[in-house]
Each structure stands twice: as C-alpha cells, then as structure tokens.
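*Asks:* This one is input01.pdb, PDB, C-alpha atoms and all ligand atoms.
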ATOM      1  CA  MET S   1     -20.691  -6.588  -1.069
ATOM      2  CA  LYS S   2     -18.511  -7.409   1.905
ATOM      3  CA  LEU S   3     -17.389  -3.829   2.680
ATOM      4  CA  ALA S   4     -20.740  -2.026   2.525
ATOM      5  CA  GLY S   5     -20.900   0.766   5.106
ATOM      6  CA  ARG S   6     -17.126   0.910   5.541
ATOM      7  CA  VAL S   7     -14.847   3.883   4.842
ATOM      8  CA  ALA S   8     -11.352   3.227   3.515
ATOM      9  CA  LEU S   9      -8.280   5.438   3.127
ATOM     10  CA  VAL S  10      -5.615   4.274   0.658
ATOM     11  CA  THR S  11      -2.276   6.040   0.227
ATOM     12  CA  GLY S  12      -0.838   6.193  -3.294
ATOM     13  CA  GLY S  13      -4.148   5.433  -4.975
ATOM     14  CA  SER S  14      -3.684   7.243  -8.282
ATOM     15  CA  ARG S  15      -1.679   4.584 -10.125
ATOM     16  CA  GLY S  16      -0.518   0.985 -10.081
ATOM     17  CA  ILE S  17      -1.283  -1.259  -7.121
ATOM     18  CA  GLY S  18      -2.947   1.524  -5.114
ATOM     19  CA  LYS S  19      -5.399   2.286  -7.907
ATOM     20  CA  ALA S  20      -6.377  -1.400  -8.124
ATOM     21  CA  ILE S  21      -6.870  -1.414  -4.328
ATOM     22  CA  VAL S  22      -9.132   1.649  -4.497
ATOM     23  CA  GLU S  23     -11.184  -0.056  -7.228
ATOM     24  CA  ALA S  24     -11.404  -3.368  -5.360
ATOM     25  CA  LEU S  25     -12.510  -1.798  -2.062
ATOM     26  CA  ALA S  26     -15.042   0.427  -3.843
ATOM     27  CA  ARG S  27     -16.400  -2.570  -5.751
ATOM     28  CA  GLU S  28     -17.008  -4.276  -2.397
ATOM     29  CA  GLY S  29     -19.120  -1.310  -1.290
ATOM     30  CA  ALA S  30     -16.659   0.819   0.719
ATOM     31  CA  LYS S  31     -16.428   4.592   0.317
ATOM     32  CA  VAL S  32     -12.803   5.177  -0.572
ATOM     33  CA  ALA S  33     -10.583   8.221  -0.067
ATOM     34  CA  PHE S  34      -7.115   8.031  -1.520
ATOM     35  CA  ILE S  35      -3.916  10.053  -1.401
ATOM     36  CA  TYR S  36      -1.766  10.948  -4.385
ATOM     37  CA  ARG S  37       1.233  13.216  -4.719
ATOM     38  CA  SER S  38       1.312  14.558  -8.267
ATOM     39  CA  SER S  39      -0.941  12.547 -10.649
ATOM     40  CA  LYS S  40      -4.014  14.780 -10.374
ATOM     41  CA  GLU S  41      -5.286  13.837 -13.812
ATOM     42  CA  SER S  42      -5.357  10.084 -13.164
ATOM     43  CA  ALA S  43      -6.750  10.690  -9.657
ATOM     44  CA  ASP S  44      -9.644  12.731 -11.102
ATOM     45  CA  LYS S  45     -10.271  10.097 -13.775
ATOM     46  CA  LEU S  46     -10.381   7.312 -11.175
ATOM     47  CA  VAL S  47     -12.991   9.203  -9.122
ATOM     48  CA  ALA S  48     -15.062   9.907 -12.260
ATOM     49  CA  ASP S  49     -14.867   6.294 -13.481
ATOM     50  CA  LEU S  50     -15.967   4.962 -10.085
ATOM     51  CA  ALA S  51     -18.829   7.493  -9.953
ATOM     52  CA  LEU S  52     -20.135   6.127 -13.272
ATOM     53  CA  ASP S  53     -20.387   2.790 -11.478
ATOM     54  CA  GLN S  54     -22.225   4.411  -8.490
ATOM     55  CA  ARG S  55     -19.083   4.086  -6.309
ATOM     56  CA  GLU S  56     -18.033   6.893  -3.937
ATOM     57  CA  ALA S  57     -14.384   7.932  -3.930
ATOM     58  CA  PHE S  58     -12.319  11.086  -3.619
ATOM     59  CA  GLY S  59      -8.658  11.936  -4.067
ATOM     60  CA  ILE S  60      -6.551  14.110  -1.749
ATOM     61  CA  GLN S  61      -3.249  15.645  -2.821
ATOM     62  CA  ALA S  62      -0.667  15.243  -0.042
ATOM     63  CA  ASP S  63       2.899  14.124   0.614
ATOM     64  CA  VAL S  64       2.562  10.969   2.729
ATOM     65  CA  ALA S  65       6.017  11.546   4.211
ATOM     66  CA  ASN S  66       4.808  14.769   5.812
ATOM     67  CA  LYS S  67       3.012  14.220   9.140
ATOM     68  CA  ALA S  68       1.091  17.510   9.060
ATOM     69  CA  GLU S  69      -0.209  16.744   5.544
ATOM     70  CA  ALA S  70      -1.148  13.211   6.592
ATOM     71  CA  ASP S  71      -3.108  14.522   9.587
ATOM     72  CA  LYS S  72      -4.861  17.097   7.404
ATOM     73  CA  ALA S  73      -5.860  14.417   4.882
ATOM     74  CA  ILE S  74      -7.252  12.193   7.657
ATOM     75  CA  GLU S  75      -9.196  15.173   9.011
ATOM     76  CA  GLN S  76     -10.711  15.753   5.560
ATOM     77  CA  VAL S  77     -11.933  12.147   5.371
ATOM     78  CA  LEU S  78     -13.381  12.305   8.891
ATOM     79  CA  GLU S  79     -15.159  15.591   8.101
ATOM     80  CA  LYS S  80     -16.677  14.087   4.958
ATOM     81  CA  TRP S  81     -17.570  10.585   6.105
ATOM     82  CA  GLY S  82     -17.172  10.585   9.922
ATOM     83  CA  GLN S  83     -15.111   7.404  10.190
ATOM     84  CA  ILE S  84     -12.119   5.503   8.796
ATOM     85  CA  ASP S  85     -12.489   1.740   9.131
ATOM     86  CA  ILE S  86      -9.819   0.589   6.700
ATOM     87  CA  LEU S  87      -6.349   2.067   6.171
ATOM     88  CA  VAL S  88      -4.097   0.818   3.378
ATOM     89  CA  ASN S  89      -0.541   2.165   3.498
ATOM     90  CA  ASN S  90       0.448   1.588  -0.104
ATOM     91  CA  ALA S  91       2.364   4.689  -1.277
ATOM     92  CA  GLY S  92       5.978   3.893  -1.999
ATOM     93  CA  ILE S  93       8.988   4.857  -4.076
ATOM     94  CA  ILE S  94      12.331   3.411  -5.131
ATOM     95  CA  ARG S  95      15.631   5.297  -5.421
ATOM     96  CA  ASP S  96      17.925   2.367  -6.240
ATOM     97  CA  GLY S  97      21.727   2.573  -6.039
ATOM     98  CA  LEU S  98      24.654   0.909  -4.363
ATOM     99  CA  LEU S  99      24.989   1.957  -0.737
ATOM    100  CA  ALA S 100      28.633   2.958  -1.181
ATOM    101  CA  VAL S 101      27.579   5.793  -3.466
ATOM    102  CA  MET S 102      24.059   6.448  -2.166
ATOM    103  CA  GLU S 103      23.308  10.113  -1.461
ATOM    104  CA  PRO S 104      21.686  10.866   1.922
ATOM    105  CA  ASP S 105      18.514  12.057   0.142
ATOM    106  CA  ALA S 106      18.053   8.714  -1.625
ATOM    107  CA  TRP S 107      18.181   7.026   1.770
ATOM    108  CA  SER S 108      15.910   9.416   3.652
ATOM    109  CA  ASP S 109      13.358   9.938   0.843
ATOM    110  CA  VAL S 110      12.743   6.188   0.586
ATOM    111  CA  ILE S 111      12.634   5.605   4.347
ATOM    112  CA  ASN S 112      10.405   8.615   5.001
ATOM    113  CA  THR S 113       8.009   7.896   2.134
ATOM    114  CA  ASN S 114       7.687   4.126   2.533
ATOM    115  CA  LEU S 115       8.105   3.618   6.290
ATOM    116  CA  GLY S 116       7.553   7.106   7.702
ATOM    117  CA  SER S 117       4.178   7.272   5.968
ATOM    118  CA  CYS S 118       3.069   4.113   7.790
ATOM    119  CA  TYR S 119       3.790   5.812  11.117
ATOM    120  CA  ASN S 120       2.113   9.023   9.926
ATOM    121  CA  PHE S 121      -1.135   7.366   8.873
ATOM    122  CA  CYS S 122      -1.337   4.590  11.495
ATOM    123  CA  ASN S 123      -0.779   7.175  14.210
ATOM    124  CA  GLY S 124      -3.266   9.551  12.594
ATOM    125  CA  VAL S 125      -6.173   7.084  12.342
ATOM    126  CA  MET S 126      -5.631   5.420  15.704
ATOM    127  CA  ARG S 127      -7.893   7.675  17.751
ATOM    128  CA  THR S 128     -10.912   7.193  15.483
ATOM    129  CA  MET S 129     -10.352   3.433  15.088
ATOM    130  CA  MET S 130      -9.903   2.948  18.831
ATOM    131  CA  SER S 131     -13.001   4.945  19.682
ATOM    132  CA  LYS S 132     -15.088   2.957  17.162
ATOM    133  CA  ARG S 133     -13.449  -0.289  18.312
ATOM    134  CA  TYR S 134     -12.957  -1.349  14.720
ATOM    135  CA  GLY S 135     -10.100  -1.181  12.267
ATOM    136  CA  ARG S 136      -8.361  -2.959   9.451
ATOM    137  CA  ILE S 137      -4.842  -1.743   8.661
ATOM    138  CA  ILE S 138      -2.974  -3.216   5.703
ATOM    139  CA  ASN S 139       0.586  -2.134   4.979
ATOM    140  CA  ILE S 140       2.174  -2.854   1.618
ATOM    141  CA  SER S 141       5.638  -4.302   2.158
ATOM    142  CA  SER S 142       7.639  -6.262  -0.436
ATOM    143  CA  VAL S 143       9.445  -9.561  -0.853
ATOM    144  CA  ALA S 144      12.538  -7.316  -1.001
ATOM    145  CA  ALA S 145      12.286  -7.110   2.804
ATOM    146  CA  GLU S 146      13.497 -10.698   3.093
ATOM    147  CA  PHE S 147      15.655 -11.277   0.010
ATOM    148  CA  GLY S 148      18.830  -9.424  -0.915
ATOM    149  CA  ASN S 149      18.627  -7.242  -4.028
ATOM    150  CA  GLN S 150      21.661  -5.277  -5.116
ATOM    151  CA  GLY S 151      20.953  -1.553  -5.085
ATOM    152  CA  GLN S 152      17.956  -1.718  -2.737
ATOM    153  CA  THR S 153      19.371  -1.256   0.777
ATOM    154  CA  ASN S 154      17.142   1.773   1.353
ATOM    155  CA  TYR S 155      14.036   0.102  -0.095
ATOM    156  CA  ALA S 156      14.571  -3.241   1.684
ATOM    157  CA  ALA S 157      15.185  -1.442   4.995
ATOM    158  CA  SER S 158      11.931   0.479   4.579
ATOM    159  CA  LYS S 159       9.950  -2.659   3.703
ATOM    160  CA  GLY S 160      11.519  -4.699   6.538
ATOM    161  CA  GLY S 161      10.643  -1.842   8.873
ATOM    162  CA  ILE S 162       7.036  -2.044   7.710
ATOM    163  CA  GLN S 163       6.888  -5.734   8.652
ATOM    164  CA  GLY S 164       8.247  -5.004  12.151
ATOM    165  CA  LEU S 165       5.814  -2.125  12.595
ATOM    166  CA  THR S 166       2.955  -4.381  11.468
ATOM    167  CA  ARG S 167       3.696  -7.099  14.011
ATOM    168  CA  CYS S 168       4.259  -4.721  16.953
ATOM    169  CA  LEU S 169       1.208  -2.578  16.232
ATOM    170  CA  ALA S 170      -0.934  -5.706  15.899
ATOM    171  CA  THR S 171      -0.081  -6.626  19.506
ATOM    172  CA  GLU S 172      -0.889  -3.096  20.689
ATOM    173  CA  VAL S 173      -4.366  -2.745  19.185
ATOM    174  CA  GLY S 174      -5.795  -6.256  18.815
ATOM    175  CA  ARG S 175      -7.940  -5.941  21.938
ATOM    176  CA  ARG S 176      -9.658  -2.934  20.341
ATOM    177  CA  ASN S 177     -10.781  -5.082  17.401
ATOM    178  CA  ILE S 178      -8.175  -3.559  15.106
ATOM    179  CA  THR S 179      -6.153  -5.926  12.946
ATOM    180  CA  VAL S 180      -2.835  -4.974  11.347
ATOM    181  CA  ASN S 181      -1.398  -7.008   8.502
ATOM    182  CA  ALA S 182       1.072  -6.586   5.658
ATOM    183  CA  VAL S 183       1.054  -7.770   2.070
ATOM    184  CA  ALA S 184       4.415  -8.489   0.444
ATOM    185  CA  PRO S 185       4.083  -8.338  -3.350
ATOM    186  CA  GLY S 186       6.562 -10.004  -5.662
ATOM    187  CA  PHE S 187       7.086  -8.622  -9.148
ATOM    188  CA  ILE S 188       4.019  -6.625 -10.229
ATOM    189  CA  GLU S 189       3.408  -4.886 -13.566
ATOM    190  CA  THR S 190       3.357  -1.174 -12.678
ATOM    191  CA  ASP S 191       5.316   1.992 -13.504
ATOM    192  CA  MET S 192       7.695   1.141 -10.648
ATOM    193  CA  THR S 193       8.966  -2.008 -12.368
ATOM    194  CA  GLU S 194       8.903  -0.748 -15.963
ATOM    195  CA  ALA S 195      12.678  -0.348 -16.352
ATOM    196  CA  VAL S 196      13.476  -3.814 -14.942
ATOM    197  CA  ARG S 197      10.719  -5.389 -17.035
ATOM    198  CA  ASN S 198      12.091  -3.810 -20.190
ATOM    199  CA  ALA S 199      15.547  -5.162 -19.362
ATOM    200  CA  ALA S 200      14.765  -8.688 -18.143
ATOM    201  CA  GLU S 201      11.079  -9.695 -18.245
ATOM    202  CA  GLY S 202      11.769 -13.143 -19.756
ATOM    203  CA  GLU S 203      14.390 -13.992 -17.142
ATOM    204  CA  ILE S 204      12.145 -12.843 -14.297
ATOM    205  CA  LYS S 205       9.192 -14.943 -15.509
ATOM    206  CA  LYS S 206      11.364 -18.068 -15.476
ATOM    207  CA  ARG S 207      11.912 -17.557 -11.717
ATOM    208  CA  ILE S 208       8.172 -17.273 -10.952
ATOM    209  CA  ALA S 209       6.406 -20.589 -10.247
ATOM    210  CA  VAL S 210       3.178 -19.559 -12.010
ATOM    211  CA  ARG S 211       5.246 -18.184 -14.943
ATOM    212  CA  ARG S 212       3.696 -14.738 -15.140
ATOM    213  CA  LEU S 213       4.280 -11.324 -13.620
ATOM    214  CA  GLY S 214       1.764 -10.173 -11.042
ATOM    215  CA  LYS S 215      -1.010  -7.741 -11.875
ATOM    216  CA  PRO S 216      -2.053  -4.920  -9.528
ATOM    217  CA  GLU S 217      -5.384  -6.765  -9.119
ATOM    218  CA  ASP S 218      -3.540  -9.790  -7.629
ATOM    219  CA  ILE S 219      -2.444  -7.567  -4.740
ATOM    220  CA  ALA S 220      -5.784  -5.753  -4.522
ATOM    221  CA  ASN S 221      -7.629  -9.071  -4.081
ATOM    222  CA  ALA S 222      -5.424  -9.964  -1.100
ATOM    223  CA  VAL S 223      -5.932  -6.512   0.435
ATOM    224  CA  SER S 224      -9.685  -6.709  -0.079
ATOM    225  CA  PHE S 225      -9.763 -10.016   1.793
ATOM    226  CA  LEU S 226      -7.634  -8.713   4.697
ATOM    227  CA  ALA S 227      -9.946  -5.671   4.898
ATOM    228  CA  SER S 228     -13.035  -7.843   5.229
ATOM    229  CA  GLU S 229     -14.911  -9.355   8.156
ATOM    230  CA  GLU S 230     -13.747 -12.789   6.988
ATOM    231  CA  ALA S 231     -10.163 -11.903   7.994
ATOM    232  CA  SER S 232     -11.027 -10.825  11.553
ATOM    233  CA  TYR S 233      -8.836 -13.552  13.151
ATOM    234  CA  ILE S 234      -5.748 -12.747  11.087
ATOM    235  CA  THR S 235      -3.403 -10.144  12.534
ATOM    236  CA  GLY S 236       0.323  -9.414  12.566
ATOM    237  CA  HIS S 237       0.665 -11.502   9.426
ATOM    238  CA  VAL S 238       2.746 -10.840   6.310
ATOM    239  CA  LEU S 239       0.963 -12.302   3.292
ATOM    240  CA  VAL S 240       3.368 -12.968   0.427
ATOM    241  CA  VAL S 241       1.677 -12.541  -2.966
ATOM    242  CA  ASP S 242       4.374 -13.332  -5.507
ATOM    243  CA  GLY S 243       3.236 -16.253  -7.691
ATOM    244  CA  GLY S 244       5.945 -18.363  -6.078
ATOM    245  CA  LEU S 245       8.857 -16.037  -6.962
ATOM    246  CA  THR S 246      10.526 -16.510  -3.583
ATOM    247  CA  LEU S 247      10.104 -20.293  -3.393
ATOM    248  CA  GLY S 248      13.467 -20.654  -5.045
ATOM    249  CA  GLY S 249      12.384 -23.194  -7.651
ATOM    250  CA  ILE S 250      13.207 -22.921 -11.352
TER     251      ILE S 250
HETATM  252  N1  LIG S 301       5.367  -2.983  -8.384
HETATM  253  C1  LIG S 301       5.942  -3.965  -7.700
HETATM  254  O1  LIG S 301       6.459  -4.954  -8.279
HETATM  255  C2  LIG S 301       5.983  -3.919  -6.199
HETATM  256  C3  LIG S 301       6.558  -5.001  -5.533
HETATM  257  C4  LIG S 301       6.613  -5.001  -4.143
HETATM  258  C5  LIG S 301       6.067  -3.937  -3.445
HETATM  259  N2  LIG S 301       5.518  -2.871  -4.108
HETATM  260  C6  LIG S 301       4.976  -1.783  -3.313
HETATM  261  O2  LIG S 301       3.631  -1.531  -3.690
HETATM  262  C7  LIG S 301       3.332  -0.145  -3.488
HETATM  263  C8  LIG S 301       2.756   0.424  -4.772
HETATM  264  O3  LIG S 301       3.725   0.269  -5.811
HETATM  265  P1  LIG S 301       3.404   0.549  -7.346
HETATM  266  O4  LIG S 301       4.245  -0.396  -8.117
HETATM  267  O5  LIG S 301       1.949   0.584  -7.564
HETATM  268  O6  LIG S 301       4.042   2.006  -7.497
HETATM  269  P2  LIG S 301       3.735   3.171  -8.554
HETATM  270  O7  LIG S 301       3.036   2.634  -9.746
HETATM  271  O8  LIG S 301       5.017   3.894  -8.733
HETATM  272  O9  LIG S 301       2.691   4.117  -7.756
HETATM  273  C9  LIG S 301       3.113   4.728  -6.574
HETATM  274  C10 LIG S 301       1.952   5.449  -5.938
HETATM  275  O10 LIG S 301       2.406   6.049  -4.696
HETATM  276  C11 LIG S 301       2.153   7.452  -4.717
HETATM  277  N3  LIG S 301       3.191   8.158  -3.991
HETATM  278  C12 LIG S 301       4.528   7.971  -4.074
HETATM  279  N4  LIG S 301       5.154   8.817  -3.233
HETATM  280  C13 LIG S 301       4.194   9.554  -2.618
HETATM  281  C14 LIG S 301       4.204  10.594  -1.670
HETATM  282  N5  LIG S 301       5.346  11.073  -1.143
HETATM  283  N6  LIG S 301       3.026  11.112  -1.262
HETATM  284  C15 LIG S 301       1.853  10.648  -1.773
HETATM  285  N7  LIG S 301       1.768   9.666  -2.686
HETATM  286  C16 LIG S 301       2.938   9.118  -3.110
HETATM  287  C17 LIG S 301       2.125   7.818  -6.202
HETATM  288  O11 LIG S 301       1.417   9.034  -6.371
HETATM  289  P3  LIG S 301       1.606   9.911  -7.756
HETATM  290  O12 LIG S 301       0.894   9.128  -8.823
HETATM  291  O13 LIG S 301       0.922  11.177  -7.508
HETATM  292  O14 LIG S 301       3.070   9.997  -7.996
HETATM  293  C18 LIG S 301       1.411   6.585  -6.772
HETATM  294  O15 LIG S 301       0.024   6.686  -6.559
HETATM  295  C19 LIG S 301       4.638   0.510  -3.057
HETATM  296  O16 LIG S 301       4.691   0.608  -1.659
HETATM  297  C20 LIG S 301       5.691  -0.465  -3.548
HETATM  298  O17 LIG S 301       6.877  -0.375  -2.798
HETATM  299  C21 LIG S 301       5.469  -2.850  -5.483
END
Could you rewrite the structure in this file as structure tokens?
*Replies:*
Amino acid sequence: MKLAGRVALVTGGSRGIGKAIVEALAREGAKVAFIYRSSKESADKLVADLALDQREAFGIQADVANKAEADKAIEQVLEKWGQIDILVNNAGIIRDGLLAVMEPDAWSDVINTNLGSCYNFCNGVMRTMMSKRYGRIINISSVAAEFGNQGQTNYAASKGGIQGLTRCLATEVGRRNITVNAVAPGFIETDMTEAVRNAAEGEIKKRIAVRRLGKPEDIANAVSFLASEEASYITGHVLVVDGGLTLGGI
C-alpha cells in the first residue's frame, strides 16, 4: 500500500470522480477525509462501505467556495488526524450557457466553486504541509481549459485558472517537498456529463482514440499515482487523461 500513514483531503468526494479518488486513496492505505455539499446519504454510504473494508474515511459537509467553511473543514481533519499530506481539489460544477446571455451568478458560481475552492484549500493546508515539509496537491482541471467548447466560457476560465495556479504554486513550494500537479480529464461518465451523454454518446466515442468514455476510476488512478512517493519528481505538470480525445484524430 503506497499511501500507508498518509492523510488525504478530497473535495467533492460524495459522487463521481471524487468518490473514485476517495476509494483509490483509501485502498492505498491513506486515511481520507472528503468534502461534500448536499449528498449526505451517498457520503455516509461511502464511509460505511470503506469501513467494511477496514478503511478509514469521514465526510464533512461544507461549501468549498466559502473560505471560512474550508478553513473549518481543514481544522476538523487536523484535530482528528493531526496532518494533511495529500490535498485533491476535485469539487466542481457546470452552469453552461452562451456568454452573451450568461447571468452574473452563472459566472461567479462556477469561478468561485471550481477555482476559488483551489485557493481556499491550498491556502488552508499550506501551513501544515510546510511545517511537515511534505505535501502532494492535485487539482482537477479539464481538457476544456485548452479547447473551445460553446457555452463553457465560465467553466473553461475556471479550469484554465486552475492550471495557472498549479504551475505558479509548484514554483513557490517545491523546496518544501510539496508537489503541485493538475489532472485534466476528458469525457468521464458521471452525473455532470449525463445530459451530453444522453444526447450524443455515439458521436463523442468516435472522437476518442480508445473508443470509450472515461470512468471515474481512470482519473482516480492518475491521482493516486501523483499522490504517491513515486511521483516525487513531478511538479507543475498537467496530466491529460482523456483516452486520446484531444489528439484530434478520427
Ligand atoms: N465528468 C467529466 O467528464 C469531467 C471532465 C473534466 C473535468 N471534470 C472535473 O472533475 C471534477 C469532478 O467532476 P464529476 O464529473 O465527478 O462531478 P459530479 O459527479 O457532478 O460531482 C461533483 C462533486 O463536487 C461536489 N461539489 C460541487 N459543488 C460543491 C460545493 N460548492 N461545495 C462542496 N462540494 C461541492 C459535489 O457534492 P454533492 O454531491 O454534495 O453535490 C460532488 O461530490 C470537477 O471538478 C469537474 O469539473 C469532470
């Protein structure tokens, strides 16, 4: 188990990609705290399922866009387990629409949840990681940061911002043995993509080199690697995990 003795904090761990990340890190021996906003039932079930497998996890209800709530959640983890070695900023939302008719809330909710949360949690864990001289931070971006998608100006701006934050922070904290990387998923089967999948799954698959949609576990495996000792010389990197979607082949 390559993460034995480590403590991880994952935002948005109740469903989808975040849930698979919680499971993957726990399977590798880490104790895992995770944040959710409203899905208490699935959060409780995840903790119970992991406990059956002798894995330690607990869920914290908080709005990741709110700095005070983020700090309180971090405090709870530190009180319980005394350290946070791994931070995965995964929580994210979409509020798609053309910019010409986008309401200010659709812009600010997406920016504050997706990008603001990365500031909130990176800033919040920095003191403990710096004092322990150890940290692995993994931010979940998206291939949408680099490729134009109609209706996703807010989302793409938030995910591009995450990549910039990742690179700059990596230069700030590398000498303290803290690495900061991003994972950019392609098209993954979760609640977030359900509507698009229902409308155009066949067409999307044709554009993916490996001819299948991604599973949350595909992203979790990449995160688990970046969180491990084996990835200690990788920092400031954006790892695209998209089955070849953005290669442009057909
Ligand atoms: N699915 C894809 O194809 C894809 C592709 C590229 C990037 N991504 C990125 O991957 C990440 C996970 O996506 P997903 O598809 O797994 O999404 P999802 O199934 O919709 O799950 C989103 C998770 O984030 C949590 N969350 C959302 N807003 C929150 C808030 N304000 N405070 C606390 N928790 C919040 C949700 O909590 P509740 O359950 O309580 O609502 C849930 O656990 C996101 O950052 C997304 O942008 C996804």
*Asks:* Name the residues that the PyMOL selection byres (((chain S and resi 1) around 8) and not hetatm) pulls out of this structure, and write them as a list in words.
*Replies:*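 That selection, the PyMOL selection byres (((chain S and resi 1) around 8) and not hetatm), comes back as Lys2, Leu3, Ala4, Arg27, Glu28 and Gly29 of chain S.
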*Asks:* Counting only C-alpha atoms, which of S:Ala184, S:Ile60, S:Ile178, S:Met192 gets nearest to Ala43 of chain S?
*Replies:*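 Checking each candidate against Ala43 of chain S, we get S:Ile60 as the closest.
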*Asks:* Around ligand LIG 301 (chain S), at most 7 Å away and counting only C-alpha atoms and all ligand atoms, which residues are there? Put them as an MDAnalysis selection string, please.
*Replies:* chainID S and resid 11:18 35:40 62:65 90:93 113:114 140:143 184:193
*Asks:* Write the residues of the selection above to a file with C-alpha atoms, as a PDB file, in the frame of the given file.
*Replies:*
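Output saved as result.pdb:
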ATOM      1  CA  THR S  11      -2.276   6.040   0.227  1.00  0.00           C
ATOM      2  CA  GLY S  12      -0.838   6.193  -3.294  1.00  0.00           C
ATOM      3  CA  GLY S  13      -4.148   5.433  -4.975  1.00  0.00           C
ATOM      4  CA  SER S  14      -3.684   7.243  -8.282  1.00  0.00           C
ATOM      5  CA  ARG S  15      -1.679   4.584 -10.125  1.00  0.00           C
ATOM      6  CA  GLY S  16      -0.518   0.985 -10.081  1.00  0.00           C
ATOM      7  CA  ILE S  17      -1.283  -1.259  -7.121  1.00  0.00           C
ATOM      8  CA  GLY S  18      -2.947   1.524  -5.114  1.00  0.00           C
ATOM      9  CA  ILE S  35      -3.916  10.053  -1.401  1.00  0.00           C
ATOM     10  CA  TYR S  36      -1.766  10.948  -4.385  1.00  0.00           C
ATOM     11  CA  ARG S  37       1.233  13.216  -4.719  1.00  0.00           C
ATOM     12  CA  SER S  38       1.312  14.558  -8.267  1.00  0.00           C
ATOM     13  CA  SER S  39      -0.941  12.547 -10.649  1.00  0.00           C
ATOM     14  CA  LYS S  40      -4.014  14.780 -10.374  1.00  0.00           C
ATOM     15  CA  ALA S  62      -0.667  15.243  -0.042  1.00  0.00           C
ATOM     16  CA  ASP S  63       2.899  14.124   0.614  1.00  0.00           C
ATOM     17  CA  VAL S  64       2.562  10.969   2.729  1.00  0.00           C
ATOM     18  CA  ALA S  65       6.017  11.546   4.211  1.00  0.00           C
ATOM     19  CA  ASN S  90       0.448   1.588  -0.104  1.00  0.00           C
ATOM     20  CA  ALA S  91       2.364   4.689  -1.277  1.00  0.00           C
ATOM     21  CA  GLY S  92       5.978   3.893  -1.999  1.00  0.00           C
ATOM     22  CA  ILE S  93       8.988   4.857  -4.076  1.00  0.00           C
ATOM     23  CA  THR S 113       8.009   7.896   2.134  1.00  0.00           C
ATOM     24  CA  ASN S 114       7.687   4.126   2.533  1.00  0.00           C
ATOM     25  CA  ILE S 140       2.174  -2.854   1.618  1.00  0.00           C
ATOM     26  CA  SER S 141       5.638  -4.302   2.158  1.00  0.00           C
ATOM     27  CA  SER S 142       7.639  -6.262  -0.436  1.00  0.00           C
ATOM     28  CA  VAL S 143       9.445  -9.561  -0.853  1.00  0.00           C
ATOM     29  CA  ALA S 184       4.415  -8.489   0.444  1.00  0.00           C
ATOM     30  CA  PRO S 185       4.083  -8.338  -3.350  1.00  0.00           C
ATOM     31  CA  GLY S 186       6.562 -10.004  -5.662  1.00  0.00           C
ATOM     32  CA  PHE S 187       7.086  -8.622  -9.148  1.00  0.00           C
ATOM     33  CA  ILE S 188       4.019  -6.625 -10.229  1.00  0.00           C
ATOM     34  CA  GLU S 189       3.408  -4.886 -13.566  1.00  0.00           C
ATOM     35  CA  THR S 190       3.357  -1.174 -12.678  1.00  0.00           C
ATOM     36  CA  ASP S 191       5.316   1.992 -13.504  1.00  0.00           C
ATOM     37  CA  MET S 192       7.695   1.141 -10.648  1.00  0.00           C
ATOM     38  CA  THR S 193       8.966  -2.008 -12.368  1.00  0.00           C
TER      39      THR S 193
END
*Asks:* What's the separation between atom CA of Asn120 of chain S and atom CA of Gln76 of chain S, in Å to one decimal place?
*Replies:*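 So the two atoms, atom CA of Asn120 of chain S and atom CA of Gln76 of chain S, lie 15.1 Å apart.
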*Asks:* I'd like the contact shell of Glu23 of chain S - 12 Å cut-off, all atoms listed in the file, skipping same-chain residues fewer than 5 positions apart - returned as a ChimeraX atom specification.
*Replies:* /S:8,10,13-18,28-34,43,46-51,53-58,216-217,219-221,223-224
*Asks:* Kindly provide, as lines of an AutoDock Vina configuration file, the centre and edge lengths (Å, one decimal) of an axis-aligned box around all atoms of segment 102-116 of chain S given in the file, with 3 Å on each side.
*Replies:*
center_x = 15.8
center_y = 7.8
center_z = 2.8
size_x = 22.5
size_y = 14.4
size_z = 15.9
*Asks:* Which residue is closest to Asn154 of chain S? Choose from S:Gly248, S:Gly124, S:Gly214, S:Pro104 and count all atoms listed in the file.
*Replies:* S:Pro104
*Asks:* For the PyMOL selection byres (((chain S and resi 245) around 7) and not hetatm), applied here, can you spell out every residue it catches as a list of chain:residue names?
*Replies:* S:Gly186, S:Arg207, S:Ile208, S:Ala209, S:Asp242, S:Gly243, S:Gly244, S:Thr246, S:Leu247, S:Gly248
*Asks:* Could you tell me how far atom CA of Trp107 of chain S sits from atom CA of Tyr155 of chain S, in Å to one decimal place?
*Replies:*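 Atom CA of Trp107 of chain S lies 8.3 Å from atom CA of Tyr155 of chain S.
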*Asks:* So the first atom is atom CA of Arg197 of chain S and the second is atom CA of Ala145 of chain S; what is the distance between them in Å, to one decimal place?
*Replies:*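 Pair atom CA of Arg197 of chain S / atom CA of Ala145 of chain S returns 20.0 Å.
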*Asks:* Which of these residues is nearest to Asp109 of chain S, using all atoms listed in the file: S:Asn198, S:Asn66, S:Asn181, S:Ser232?
*Replies:*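 Of all the options, S:Asn66 lies closest to Asp109 of chain S.
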*Asks:* Which residues, named as in the file, does the PyMOL selection byres (((chain S and resi 164-177) around 9) and not hetatm) pick out? Answer as a PyMOL selection string.
*Replies:* chain S and resi 115+118-119+122+126+129-139+159-163+178-182+232+235-238
*Asks:* Restricting the calculation to all atoms listed in the file, which member of S:Arg127, S:Arg6, S:Lys215, S:Arg95 is positioned closest to Thr153 of chain S?
*Replies:* S:Arg95
